[in-house]
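I have placed the structure first, in the form of structure tokens, so that the comments after it can refer back to it.
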Amino acid sequence: MEKQGIVVFQAKDIAKVRLTTGEECLATVTGKFRQQALAPKDYPIVGDFVQGQVYDQDHFLIDALLPRKSFLQRKVAGNRTDEQGIAANIDTVFIATSANEEFNFARLERFVTIAWDSGANPVILLTKADQVTADEKAELLQALNDAFGVKTFTTSIFEPNELLMETYFSDGQISAFIGSSGVGKSSLLNQLMAQDVQKTNDIREDSRGRHTTTSRQLFTLPSGAMIIDTPGMREVGISTVRSASIDQSFEAISQYAEGCFFRDCRHETEPKCAVKAAIAAGELSEDAFARYRKMEKELAYLKRKEQIKELKK
């Protein structure tokens with residue numbers, strides 16, 4: 001008899017599915033499923049709704065992947081261009097970034113880009129807010145709002161953010177935490193769960209966090225909301241994203257670009273370029289524009305590389 005469930009755990013070749021009846025089973029895909037899967041993204045990941053059959057009482061054989069409403073992915077680390085799934089069917093992608101010395105704008109831009117590209121809504125969590133002054137926190141919040149125009153919340157292990165909890169964690173909602181290693185994702189999850197469900201490590205003397213989470217796992221809050229915790233990412237590849245997602249990440253640049261005289265303006269040598277005028281007037285950061293250009297060029301290079309690989313098949 002066919003049953004349905006949701007993938008709640010994934011680590012290398014091990015997966016668990018929670019059935020609609022509540023039981024959790026170790027899971028694997030059928031041989032037919034493997035034959036029909038064309039790419040890594042075709043396989044189930046945490047958050048996926050699947051269909052299959054139970055065998056040996058506590059094992060689940062997946063024969064179908066139900067349609068996804070969103071899919072968070074990135075390019076695998078290194079020189080390969082194929083993608084790696086992170087989470088599926090999420091409503092909100094929470095991007096955790098430390099307010100202390102580890103804060104990195106360029107890395108954050110990449111996280112926001114893959115979040116937009118997933119089809120879910122990005123929200124920035126400025127963690128470890130207790131480690132900076134009130135003025136520094138206000139300055140960071142203003143800079144994030146100017147750059148991305150997405151909801152941003154400050155959190156710390158000492159200051160639970162009640163507005164964050166009330167707004168995003170209602171029954172049936174699925175969220176995912178992403179970010180670099182040691183930015184406090186697991187600590188925040190433990191706060192929300194009101195118990196220690198994920199191991200955490202103390203911050204190092206140089207203010208850098210420590211990597212602790214090694215698998216993707218879905219947790220259910222008392223409210224019925226679901227949260228997917230993910231391992232920290234050292235690289236945020238963008239080969240799978242659309243150009244429109246980059247434009248959404250660099251919202252300020254996109255807004256100025258609407259004022260360019262030419263609709264296909266590249267913001268290079270064209271006359272009446274609103275983006276170049278904004279940079280010259282000090283209204284737009286030259287560094288931000290340089291990062292935007294770098295990301296565009298990287299995406300174009302990776303897509304050309306993928307096209308060449310396809311032609312050689």
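The chains in the structure tokens are called A, B, ... from first to last as shown; in each chain the residues are counted from 1, and the ligands are counted from 1 in the order shown.
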
Would you write out, as CSV, a table of all residues in range 2-80 of chain A that have an atom no more than 10 Å from an atom of range 88-111 of chain A, listing for each the closest atom pair and the distance in Å to one decimal, considering only C-alpha atoms and ordering rows by chain and rising residue number?
residue,atom,partner,partner_atom,distance
A:Val7,CA,A:Ala88,CA,9.4
A:Pro44,CA,A:Ala88,CA,8.7
A:Ile45,CA,A:Ala88,CA,6.7
A:Val46,CA,A:Ala88,CA,6.4
A:Gly47,CA,A:Ala88,CA,4.7
A:Asp48,CA,A:Ala88,CA,5.4
A:Phe49,CA,A:Asn89,CA,8.2
A:Pro67,CA,A:Asn89,CA,8.9
A:Arg68,CA,A:Asn89,CA,5.6
A:Lys69,CA,A:Asn89,CA,5.1
A:Ser70,CA,A:Asn89,CA,4.7
A:Phe71,CA,A:Ala88,CA,4.5
A:Leu72,CA,A:Ala88,CA,6.2
A:Gln73,CA,A:Ala88,CA,8.9
A:Arg74,CA,A:Phe111,CA,9.3

Secondary structure check, helix (DSSP H, G or I) residues of range 54-262 of chain A, as a VMD selection string
chain A and resid 105 to 118 129 to 131 134 to 148 162 to 168 185 to 193 243 to 249 251 to 257

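Between Asn121 in chain A and the residues A:Asp42, A:Gln248, A:Lys16, A:Cys25, the shortest atom-to-atom distance, using only C-alpha atoms, involves A:Gln248.
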
Env of Ala15 in chain A: 6 Å cut, atoms = only C-alpha atoms, seq-sep filter 5 positions within chain, self excluded. Answer as a ChimeraX atom specification.
/A:9-10,26-27

Would you output that residue set with N, CA, C and O atoms, as a PDB file, in the first residue's frame?
ATOM      1  N   PHE A   9      15.504  13.856   7.676  1.00  0.00           N
ATOM      2  CA  PHE A   9      16.927  13.752   8.022  1.00  0.00           C
ATOM      3  C   PHE A   9      17.698  13.281   6.803  1.00  0.00           C
ATOM      4  O   PHE A   9      17.231  12.449   6.024  1.00  0.00           O
ATOM      5  N   GLN A  10      18.920  13.847   6.652  1.00  0.00           N
ATOM      6  CA  GLN A  10      19.760  13.439   5.536  1.00  0.00           C
ATOM      7  C   GLN A  10      21.226  13.647   5.890  1.00  0.00           C
ATOM      8  O   GLN A  10      21.629  14.729   6.337  1.00  0.00           O
ATOM      9  N   LEU A  26      13.779   4.644   8.277  1.00  0.00           N
ATOM     10  CA  LEU A  26      14.937   4.799   7.401  1.00  0.00           C
ATOM     11  C   LEU A  26      14.454   4.675   5.966  1.00  0.00           C
ATOM     12  O   LEU A  26      13.536   3.895   5.686  1.00  0.00           O
ATOM     13  N   ALA A  27      15.039   5.451   5.063  1.00  0.00           N
ATOM     14  CA  ALA A  27      14.506   5.494   3.701  1.00  0.00           C
ATOM     15  C   ALA A  27      15.594   5.375   2.650  1.00  0.00           C
ATOM     16  O   ALA A  27      16.729   5.807   2.847  1.00  0.00           O
TER      17      ALA A  27
END

Check the smallest atom-to-atom distance from each of A:Ala87, A:Ala274, A:Leu284, A:Leu125 to Ile228 in chain A using only C-alpha atoms, then report the winner.
A:Ala87

Nearest to Phe261 in chain A: which of A:Glu83, A:Ala281, A:Val275, A:Ser118 is it, counting only C-alpha atoms?
A:Val275
